[in-house]
$ cat final.txt   # compact mmCIF, C-alpha atoms
# COMPACT_ATOMS: atom_id res chain seq x y z
CA MET M 366 0.00 0.00 0.00
CA THR M 367 1.43 3.37 -0.98
CA GLU M 368 1.97 6.11 1.56
CA SER M 369 -0.82 8.18 0.00
CA ARG M 370 -3.30 5.31 0.34
CA ALA M 371 -2.19 4.65 3.93
CA ALA M 372 -3.07 8.23 4.80
CA GLU M 373 -6.30 8.15 2.82
CA PRO M 374 -8.75 7.30 5.66
CA ALA M 375 -7.56 10.31 7.64
CA ARG M 376 -7.80 12.43 4.51
CA PHE M 377 -11.32 11.17 3.95
CA ARG M 378 -12.38 12.18 7.47
CA SER M 379 -10.80 15.59 7.10
CA GLU M 380 -12.32 16.28 3.69
CA PHE M 381 -15.68 14.97 4.86
CA SER M 382 -15.78 17.52 7.70
CA GLU M 383 -14.62 20.29 5.37
CA GLN M 384 -17.19 19.50 2.67
CA LEU M 385 -20.03 19.25 5.19
CA ASP M 386 -19.03 22.55 6.81
CA ASP M 387 -18.55 24.27 3.46
CA PHE M 388 -21.88 23.05 2.14
CA LEU M 389 -23.80 24.11 5.24
CA GLY M 390 -21.98 27.45 5.20
CA SER M 391 -23.03 28.09 1.61
CA GLN M 392 -26.64 27.20 2.42
CA GLU M 393 -26.53 29.44 5.47
CA ARG M 394 -25.54 32.38 3.30
CA LEU M 395 -28.34 31.66 0.84
CA LEU M 396 -30.89 31.51 3.65
CA ALA M 397 -29.53 34.73 5.14
CA ASP M 398 -30.36 36.41 1.83
CA ILE M 399 -33.98 35.38 2.38
CA ALA M 400 -34.17 36.51 6.02
CA PRO M 401 -31.80 36.49 9.01
CA GLU M 402 -34.26 34.35 10.97
CA ALA M 403 -34.00 31.54 8.41
CA VAL M 404 -30.32 30.96 9.29
CA GLU M 405 -31.46 29.12 12.41
CA LEU M 406 -32.58 26.24 10.18
CA VAL M 407 -29.00 25.51 9.14
CA ASP M 408 -27.67 26.18 12.64
CA ALA M 409 -29.91 23.38 13.92
CA ILE M 410 -28.63 21.00 11.24
CA ARG M 411 -25.02 21.86 11.95
CA ALA M 412 -25.45 21.30 15.70
CA LEU M 413 -27.00 17.88 15.13
CA ALA M 414 -24.60 16.71 12.41
CA SER M 415 -21.51 17.71 14.39
CA GLY M 416 -22.16 15.14 17.11
CA GLY M 417 -22.56 11.88 15.20
CA LYS M 418 -20.29 8.87 14.84
CA ARG M 419 -20.43 9.19 11.01
CA MET M 420 -20.49 5.42 10.70
CA ARG M 421 -22.50 5.51 7.45
CA ALA M 422 -20.00 7.78 5.76
CA SER M 423 -17.14 5.52 6.91
CA LEU M 424 -18.92 2.46 5.58
CA CYS M 425 -19.43 4.21 2.27
CA TYR M 426 -15.71 4.96 2.10
CA TRP M 427 -14.64 1.40 2.92
CA GLY M 428 -17.20 -0.02 0.50
CA TRP M 429 -15.63 2.14 -2.21
CA ARG M 430 -12.10 1.30 -1.12
CA GLY M 431 -12.83 -2.44 -0.97
CA ALA M 432 -14.28 -2.29 -4.50
CA GLY M 433 -11.00 -0.86 -5.77
CA GLY M 434 -12.07 2.77 -5.85
CA ASP M 435 -9.46 4.97 -7.51
CA ALA M 436 -7.74 7.38 -5.10
CA ASP M 437 -8.31 10.17 -7.62
CA THR M 438 -12.08 9.89 -7.07
CA LEU M 439 -11.88 10.29 -3.28
CA PRO M 440 -13.69 13.69 -3.36
CA LEU M 441 -16.67 11.95 -4.93
CA ILE M 442 -16.99 9.38 -2.17
CA VAL M 443 -16.60 12.18 0.36
CA ARG M 444 -19.60 13.84 -1.25
CA ALA M 445 -21.57 10.60 -1.03
CA GLY M 446 -20.71 10.46 2.67
CA VAL M 447 -21.98 14.01 3.16
CA ALA M 448 -25.25 13.09 1.41
CA LEU M 449 -25.65 10.12 3.74
CA GLU M 450 -24.94 12.24 6.82
CA LEU M 451 -27.56 14.80 5.81
CA PHE M 452 -30.09 12.05 5.15
CA GLN M 453 -29.42 10.54 8.55
CA SER M 454 -29.87 13.95 10.18
CA ALA M 455 -33.27 14.27 8.50
CA ALA M 456 -34.26 10.80 9.69
CA LEU M 457 -33.21 11.58 13.27
CA ILE M 458 -35.06 14.90 13.33
CA HIS M 459 -38.30 13.39 12.08
CA ASP M 460 -37.90 10.31 14.29
CA ASP M 461 -37.52 12.48 17.38
CA ILE M 462 -40.70 14.38 16.52
CA ILE M 463 -42.61 11.15 15.96
CA ASP M 464 -41.33 9.63 19.22
CA GLY M 465 -41.57 12.83 21.26
CA SER M 466 -37.89 12.47 22.23
CA ASP M 467 -36.47 15.28 24.32
CA ARG M 468 -32.77 14.55 23.82
CA ARG M 469 -30.47 13.55 21.00
CA ARG M 470 -26.71 13.12 21.29
CA GLY M 471 -26.68 14.70 24.71
CA ALA M 472 -28.45 17.88 23.62
CA PRO M 473 -32.08 18.94 23.14
CA SER M 474 -33.66 17.32 20.10
CA VAL M 475 -34.30 19.76 17.26
CA HIS M 476 -37.99 20.27 17.99
CA ARG M 477 -37.20 20.90 21.66
CA ARG M 478 -34.47 23.35 20.64
CA PHE M 479 -37.01 25.48 18.76
CA GLU M 480 -39.59 25.06 21.50
CA GLN M 481 -37.10 26.32 24.08
CA GLU M 482 -36.27 29.33 21.93
CA HIS M 483 -39.97 30.13 21.68
CA ARG M 484 -40.25 30.05 25.46
CA ARG M 485 -37.13 32.19 25.94
CA GLN M 486 -38.43 34.84 23.55
CA ARG M 487 -41.96 34.69 24.99
CA TRP M 488 -43.45 34.49 21.51
CA ALA M 489 -47.17 34.07 20.86
CA LEU M 490 -49.15 30.83 20.44
CA ASP M 491 -48.11 27.29 21.37
CA PRO M 492 -44.34 26.70 21.85
CA GLU M 493 -44.60 22.93 21.34
CA ARG M 494 -46.46 23.31 18.07
CA PHE M 495 -43.91 25.87 16.89
CA GLY M 496 -41.03 23.55 17.84
CA GLU M 497 -42.48 20.59 15.96
CA ALA M 498 -43.38 22.65 12.89
CA ALA M 499 -39.92 24.21 12.73
CA ALA M 500 -38.22 20.82 13.16
CA ILE M 501 -40.32 19.26 10.40
CA LEU M 502 -39.07 21.99 8.10
CA VAL M 503 -35.47 21.47 9.23
CA GLY M 504 -35.82 17.75 8.51
CA ASP M 505 -37.34 18.46 5.10
CA LEU M 506 -34.49 20.86 4.38
CA CYS M 507 -32.01 18.11 5.31
CA LEU M 508 -33.68 15.77 2.83
CA SER M 509 -33.44 18.43 0.15
CA PHE M 510 -29.77 19.09 0.99
CA SER M 511 -29.01 15.37 0.91
CA GLU M 512 -30.46 14.99 -2.58
CA GLN M 513 -28.69 18.15 -3.74
CA VAL M 514 -25.31 16.84 -2.62
CA PHE M 515 -25.88 13.35 -4.00
CA ALA M 516 -27.05 14.67 -7.37
CA SER M 517 -23.82 16.67 -7.65
CA ILE M 518 -21.71 13.49 -7.80
CA ARG M 519 -20.25 13.34 -11.30
CA PRO M 520 -17.42 10.81 -11.32
CA PRO M 521 -14.95 11.59 -14.11
CA ALA M 522 -14.39 7.88 -14.73
CA PHE M 523 -17.90 7.40 -16.06
CA THR M 524 -20.76 9.43 -17.40
CA VAL M 525 -24.19 9.78 -15.85
CA GLY M 526 -26.26 6.89 -17.13
CA SER M 527 -23.43 4.35 -16.86
CA ARG M 528 -23.75 1.19 -14.79
CA GLU M 529 -22.00 2.72 -11.75
CA ALA M 530 -24.02 5.91 -11.71
CA ALA M 531 -27.32 4.13 -12.31
CA LEU M 532 -26.61 1.56 -9.61
CA ALA M 533 -25.54 4.19 -7.08
CA ARG M 534 -28.72 6.15 -7.76
CA GLU M 535 -30.83 3.00 -7.39
CA ILE M 536 -29.24 2.17 -4.03
CA PHE M 537 -29.66 5.72 -2.74
CA ASP M 538 -33.33 5.87 -3.77
CA THR M 539 -34.01 2.38 -2.41
CA MET M 540 -32.50 3.34 0.93
CA ARG M 541 -34.78 6.36 1.27
CA ARG M 542 -37.88 4.38 0.34
CA GLU M 543 -37.04 1.62 2.82
CA VAL M 544 -36.51 4.03 5.70
CA MET M 545 -39.86 5.73 5.16
CA ALA M 546 -41.67 2.39 4.94
CA GLY M 547 -39.87 1.12 8.03
CA GLN M 548 -40.71 4.27 9.97
CA TYR M 549 -44.38 3.87 9.10
CA LEU M 550 -44.36 0.22 10.16
CA ASP M 551 -42.82 1.36 13.44
CA ILE M 552 -45.56 3.86 14.27
CA PHE M 553 -48.21 1.44 13.02
CA GLU M 554 -46.96 -1.24 15.41
CA GLU M 555 -46.99 1.26 18.27
CA VAL M 556 -50.70 1.93 17.83
CA ALA M 557 -51.83 -1.51 16.63
CA GLY M 558 -49.37 -3.83 18.37
CA ALA M 559 -51.46 -4.34 21.50
CA SER M 560 -54.30 -5.76 19.40
CA ARG M 561 -52.10 -8.12 17.36
CA GLU M 562 -50.78 -11.59 18.21
CA ARG M 563 -48.08 -11.20 20.81
CA GLU M 564 -46.57 -14.54 19.75
CA ALA M 565 -45.40 -12.83 16.54
CA ALA M 566 -44.36 -9.51 18.13
CA ALA M 567 -40.62 -10.16 17.82
CA ASP M 568 -40.94 -11.20 14.17
CA ARG M 569 -42.84 -8.00 13.35
CA ALA M 570 -40.28 -5.94 15.21
CA ARG M 571 -37.43 -7.54 13.31
CA ILE M 572 -39.01 -6.56 9.98
CA ILE M 573 -39.29 -3.00 11.28
CA ILE M 574 -35.65 -2.72 12.33
CA ARG M 575 -34.53 -4.25 9.05
CA TYR M 576 -36.12 -1.49 6.98
CA LYS M 577 -36.15 1.42 9.41
CA SER M 578 -32.55 1.07 10.50
CA ALA M 579 -30.46 -1.96 9.51
CA LYS M 580 -30.39 -1.41 5.78
CA TYR M 581 -29.76 2.31 5.88
CA SER M 582 -27.27 2.08 8.73
CA VAL M 583 -24.93 -0.46 7.13
CA GLU M 584 -26.03 -2.33 4.01
CA ARG M 585 -26.96 0.61 1.77
CA PRO M 586 -24.02 2.92 2.65
CA LEU M 587 -21.61 0.04 2.06
CA GLY M 588 -23.31 -0.88 -1.21
CA LEU M 589 -23.39 2.75 -2.32
CA GLY M 590 -19.64 3.04 -1.86
CA GLY M 591 -19.13 -0.28 -3.61
CA ALA M 592 -21.21 0.84 -6.59
CA LEU M 593 -19.31 4.13 -6.90
CA GLY M 594 -16.06 2.15 -6.69
CA GLY M 595 -17.11 -0.02 -9.62
CA GLY M 596 -17.67 -3.17 -7.57
CA SER M 597 -18.98 -6.29 -9.26
CA THR M 598 -22.46 -7.67 -8.67
CA GLY M 599 -20.88 -10.48 -6.68
CA LEU M 600 -19.07 -8.04 -4.41
CA LEU M 601 -22.19 -5.94 -3.83
CA ASP M 602 -24.12 -9.10 -2.96
CA GLY M 603 -21.35 -9.97 -0.51
CA TYR M 604 -21.58 -6.51 1.01
CA SER M 605 -25.29 -7.13 1.58
CA ARG M 606 -24.61 -10.48 3.25
CA PHE M 607 -22.24 -8.67 5.59
CA GLY M 608 -24.16 -5.42 5.99
CA LEU M 609 -27.71 -6.56 6.69
CA PRO M 610 -27.02 -8.80 9.72
CA LEU M 611 -24.54 -6.23 11.04
CA GLY M 612 -27.19 -3.51 10.71
CA GLU M 613 -29.66 -5.67 12.60
CA ALA M 614 -27.13 -6.33 15.37
CA PHE M 615 -26.41 -2.59 15.54
CA GLN M 616 -30.10 -1.76 16.01
CA LEU M 617 -30.69 -4.59 18.46
CA ARG M 618 -27.88 -3.18 20.60
CA ASP M 619 -29.52 0.24 20.31
CA ASP M 620 -32.80 -1.27 21.52
CA LEU M 621 -31.11 -2.70 24.60
CA LEU M 622 -29.45 0.65 25.31
CA GLY M 623 -32.81 2.39 24.92
CA VAL M 624 -34.08 0.48 27.95
CA PHE M 625 -30.97 -0.37 29.97
CA GLY M 626 -28.36 2.15 28.77
CA ASP M 627 -26.52 4.71 30.87
CA PRO M 628 -27.90 8.20 30.10
CA GLU M 629 -24.40 9.64 30.53
CA GLN M 630 -23.26 7.55 27.58
CA THR M 631 -26.38 7.32 25.42
CA GLY M 632 -27.31 11.02 25.67
CA LYS M 633 -30.95 10.07 26.29
CA PRO M 634 -32.95 9.57 29.52
CA ALA M 635 -32.94 6.06 30.99
CA GLY M 636 -35.79 3.92 29.72
CA ASP M 637 -36.80 6.46 27.12
CA ASP M 638 -37.82 3.74 24.64
CA LEU M 639 -40.44 2.55 27.12
CA ARG M 640 -41.91 6.04 27.51
CA GLU M 641 -41.97 6.39 23.74
CA GLY M 642 -43.76 3.06 23.32
CA LYS M 643 -41.18 1.46 21.04
CA ARG M 644 -42.16 -2.14 20.25
CA THR M 645 -38.69 -3.46 19.65
CA VAL M 646 -37.48 -7.04 19.27
CA LEU M 647 -36.57 -6.86 22.97
CA ILE M 648 -40.16 -5.99 23.86
CA GLY M 649 -41.43 -8.59 21.41
CA TYR M 650 -39.45 -11.32 23.14
CA ALA M 651 -40.74 -10.13 26.52
CA LEU M 652 -44.38 -10.15 25.37
CA GLN M 653 -44.02 -13.62 23.89
CA SER M 654 -42.63 -15.13 27.11
CA ALA M 655 -44.44 -13.06 29.74
CA SER M 656 -47.36 -14.24 31.80
CA ALA M 657 -50.75 -12.77 30.95
CA ALA M 658 -50.47 -10.34 33.85
CA GLU M 659 -46.93 -9.30 32.93
CA ALA M 660 -47.89 -8.86 29.28
CA ASP M 661 -50.85 -6.69 30.27
CA ARG M 662 -48.57 -4.57 32.44
CA LEU M 663 -46.14 -4.07 29.58
CA GLN M 664 -48.90 -3.29 27.08
CA GLU M 665 -50.51 -0.76 29.42
CA SER M 666 -47.23 0.96 30.27
CA LEU M 667 -45.62 1.21 26.85
CA GLY M 668 -45.93 4.73 25.50
CA ASP M 669 -46.75 6.39 28.82
CA PRO M 670 -44.61 9.56 28.84
CA GLU M 671 -45.14 9.96 32.60
CA LEU M 672 -43.39 6.74 33.61
CA ASN M 673 -41.15 7.49 36.59
CA ALA M 674 -37.84 5.85 37.52
CA ALA M 675 -39.47 3.29 39.82
CA GLN M 676 -41.96 2.25 37.14
CA ILE M 677 -39.18 1.98 34.58
CA ASP M 678 -37.29 -0.32 36.96
CA GLN M 679 -40.38 -2.51 37.37
CA LEU M 680 -40.74 -2.86 33.61
CA ARG M 681 -37.05 -3.68 33.32
CA GLU M 682 -37.53 -6.47 35.85
CA ILE M 683 -40.36 -7.96 33.78
CA ILE M 684 -38.31 -7.74 30.58
CA THR M 685 -35.29 -9.36 32.21
CA SER M 686 -37.24 -12.09 33.99
CA THR M 687 -38.89 -13.23 30.77
CA GLY M 688 -35.48 -13.94 29.27
CA ALA M 689 -35.92 -11.18 26.66
CA VAL M 690 -32.54 -9.57 27.37
CA ALA M 691 -30.72 -12.88 27.05
CA ALA M 692 -32.64 -13.72 23.86
CA THR M 693 -31.76 -10.34 22.35
CA GLU M 694 -28.09 -10.80 23.24
CA ARG M 695 -28.14 -14.21 21.55
CA LEU M 696 -29.67 -12.72 18.42
CA ILE M 697 -27.05 -9.96 18.40
CA ALA M 698 -24.30 -12.58 18.62
CA GLU M 699 -25.94 -14.64 15.86
CA CYS M 700 -26.22 -11.62 13.55
CA ALA M 701 -22.65 -10.54 14.31
CA ASP M 702 -21.35 -14.03 13.54
CA GLN M 703 -23.23 -14.03 10.23
CA ALA M 704 -21.77 -10.64 9.34
CA LEU M 705 -18.20 -11.53 10.23
CA SER M 706 -18.46 -14.84 8.37
CA ALA M 707 -19.65 -13.01 5.26
CA LEU M 708 -16.86 -10.46 5.69
CA SER M 709 -14.22 -13.19 5.75
CA SER M 710 -15.30 -14.38 2.30
CA LEU M 711 -15.38 -10.96 0.63
CA ASP M 712 -12.91 -10.45 -2.21
CA ILE M 713 -11.41 -7.22 -0.86
CA ASP M 714 -7.99 -6.07 0.29
CA GLU M 715 -6.92 -6.89 3.84
CA ILE M 716 -6.82 -3.24 4.96
CA SER M 717 -10.48 -2.80 4.02
CA ARG M 718 -11.40 -6.10 5.66
CA GLN M 719 -9.74 -5.10 8.92
CA ALA M 720 -11.40 -1.69 8.87
CA LEU M 721 -14.85 -3.19 8.31
CA SER M 722 -14.20 -5.76 11.04
CA GLY M 723 -13.35 -2.92 13.43
CA ILE M 724 -16.51 -1.03 12.54
CA ALA M 725 -18.56 -4.21 13.00
CA ARG M 726 -17.17 -4.96 16.44
CA ALA M 727 -17.59 -1.36 17.59
CA ALA M 728 -21.20 -1.29 16.35
CA VAL M 729 -22.13 -4.45 18.23
CA GLN M 730 -20.21 -3.77 21.45
CA ARG M 731 -21.00 -0.07 21.82
CA THR M 732 -22.42 1.48 24.99
CA SER M 733 -23.74 4.70 23.45
$ encode --input "final.txt" --output "structure tokens"
Amino acid sequence: MTESRAAEPARFRSEFSEQLDDFLGSQERLLADIAPEAVELVDAIRALASGGKRMRASLCYWGWRGAGGDADTLPLIVRAGVALELFQSAALIHDDIIDGSDRRRGAPSVHRRFEQEHRRQRWALDPERFGEAAAILVGDLCLSFSEQVFASIRPPAFTVGSREAALAREIFDTMRREVMAGQYLDIFEEVAGASREREAAADRARIIIRYKSAKYSVERPLGLGGALGGGSTGLLDGYSRFGLPLGEAFQLRDDLLGVFGDPEQTGKPAGDDLREGKRTVLIGYALQSASAAEADRLQESLGDPELNAAQIDQLREIITSTGAVAATERLIAECADQALSALSSLDIDEISRQALSGIARAAVQRTS
């Protein structure tokens, strides 16, 4: 590996930050031309995007690198990473509104940020409604920005309409469609889950995490990078065999942290997923194994925003006693094993393999 390629991951991270900052700065200036007040829309995006792990952008880079992406086209994969980061920001903003989440990455969620500003300024009408309306617009703006950045990718090695460009566009569009469908299935299960068969609750929840999170967290970013790097159909299929189970393990870990995580590390209140009524695989396992009385208690409590610490602890005891935590940990291990097995058979360079292995282990073992 040449010295320039050895330094490339650090260069990618640096150029990613620069491109994201430059893009948001240019949009800020355009919004300032409309009205000074509109600048706050970009400020909210910048504050949210600055605190993420940027895992999707990294996966996009290593997917490109593993496919043999030419070092000369690095700026293009940086741009793809920026598009992914902006899409994720939009998804988080809208998800927090839907779930009524107060915190994100250790700070007020975007709708709470605008609500708090309303209260500070003592403006007229309802501060909560203003906060949600403003955040919806910020999320929509993020979606627009994401498409704008992605559409600007014009690799010199091929023209728009070529196999690589068409495949990258297909993956990007598929990812967005899947997330929206998965998000709808999530809110549908929250309102309809109590009336559906609890024996199938975990299976329904697994479908939700697959489309709401797993694919867009790992499989699609990796495949997008692979497509832009000119990867073969066989390689992209291999990326999917690695990425999908890893994405599921990543979300399953997130579900455990949403109930049992340390707020100091997760940046969200303890047990927040229970207050938000999330019907995760963890909850599905608990409902399937609980007694009738325990299941009724869980069903009645899920989605109650007033749950106090003692009530959260009681629900945790039910979830643990049913074996749901252990079952979720086993499924995480199973998914991780599937992912790492698929990774070992990928036809990629050893540097890329080691990098993807490191990302996989960090995603599964994380505490935040």
$ atom_distance --input "final.txt" --atom1 "CA of Leu621 (chain M)" --atom2 "CA of Leu647 (chain M)"
7.1 Å
$ closest_residue --input "final.txt" --among "M:Ile697, M:Ala516, M:Leu587, M:Ile410" --to "Phe615 (chain M)" --atoms "all atoms listed in the file"
M:Ile697
$ atom_distance --input "final.txt" --atom1 "CA of Asp619 (chain M)" --atom2 "CA of Lys633 (chain M)"
11.6 Å
$ residues_around --input "final.txt" --residues "Val503 (chain M)" --least-positions-apart "2" --cutoff "10 Å" --atoms "only C-alpha atoms" --output "list in words"
Glu405, Leu406, Val407, Asp408, Ala409, Ile410, Ser454, Ala455, Ile458, His459, Val475, His476, Glu497, Ala498, Ala499, Ala500, Ile501, Asp505, Leu506, Cys507, Leu508 and Ser509 of chain M
$ write_last_selection --input "final.txt" --atoms "C-alpha atoms" --output "PDB file, in the frame of the given file"
ATOM      1  CA  GLU M 405     -31.460  29.120  12.410  1.00  0.00           C
ATOM      2  CA  LEU M 406     -32.580  26.240  10.180  1.00  0.00           C
ATOM      3  CA  VAL M 407     -29.000  25.510   9.140  1.00  0.00           C
ATOM      4  CA  ASP M 408     -27.670  26.180  12.640  1.00  0.00           C
ATOM      5  CA  ALA M 409     -29.910  23.380  13.920  1.00  0.00           C
ATOM      6  CA  ILE M 410     -28.630  21.000  11.240  1.00  0.00           C
ATOM      7  CA  SER M 454     -29.870  13.950  10.180  1.00  0.00           C
ATOM      8  CA  ALA M 455     -33.270  14.270   8.500  1.00  0.00           C
ATOM      9  CA  ILE M 458     -35.060  14.900  13.330  1.00  0.00           C
ATOM     10  CA  HIS M 459     -38.300  13.390  12.080  1.00  0.00           C
ATOM     11  CA  VAL M 475     -34.300  19.760  17.260  1.00  0.00           C
ATOM     12  CA  HIS M 476     -37.990  20.270  17.990  1.00  0.00           C
ATOM     13  CA  GLU M 497     -42.480  20.590  15.960  1.00  0.00           C
ATOM     14  CA  ALA M 498     -43.380  22.650  12.890  1.00  0.00           C
ATOM     15  CA  ALA M 499     -39.920  24.210  12.730  1.00  0.00           C
ATOM     16  CA  ALA M 500     -38.220  20.820  13.160  1.00  0.00           C
ATOM     17  CA  ILE M 501     -40.320  19.260  10.400  1.00  0.00           C
ATOM     18  CA  ASP M 505     -37.340  18.460   5.100  1.00  0.00           C
ATOM     19  CA  LEU M 506     -34.490  20.860   4.380  1.00  0.00           C
ATOM     20  CA  CYS M 507     -32.010  18.110   5.310  1.00  0.00           C
ATOM     21  CA  LEU M 508     -33.680  15.770   2.830  1.00  0.00           C
ATOM     22  CA  SER M 509     -33.440  18.430   0.150  1.00  0.00           C
TER      23      SER M 509
END
$ closest_residue --input "final.txt" --among "M:Gly588, M:Gly504, M:Gly649, M:Gly446" --to "Ile573 (chain M)" --atoms "only C-alpha atoms"
M:Gly649
$ residues_around --input "final.txt" --residues "region 532-549 of chain M" --least-positions-apart "4" --cutoff "9 Å" --atoms "all atoms listed in the file" --output "number ranges by chain"
M: 449, 452, 456, 460, 515-516, 527-528, 553-554, 572-578, 580-581, 585-586, 588-593
$ closest_residue --input "final.txt" --among "M:Ile716, M:Val556, M:Ile683, M:Leu490" --to "Gly433 (chain M)" --atoms "all atoms listed in the file"
M:Ile716
$ residues_near_point --input "final.txt" --point "(-28.9, 12.3, 25.5)" --cutoff "6 Å" --atoms "only C-alpha atoms" --output "CSV table (one decimal) with C-alpha atoms, in the coordinates of the input"
chain,number,residue,atom,x,y,z
M,468,ARG,CA,-32.8,14.6,23.8
M,469,ARG,CA,-30.5,13.6,21.0
M,470,ARG,CA,-26.7,13.1,21.3
M,471,GLY,CA,-26.7,14.7,24.7
M,472,ALA,CA,-28.4,17.9,23.6
M,631,THR,CA,-26.4,7.3,25.4
M,632,GLY,CA,-27.3,11.0,25.7
M,633,LYS,CA,-31.0,10.1,26.3
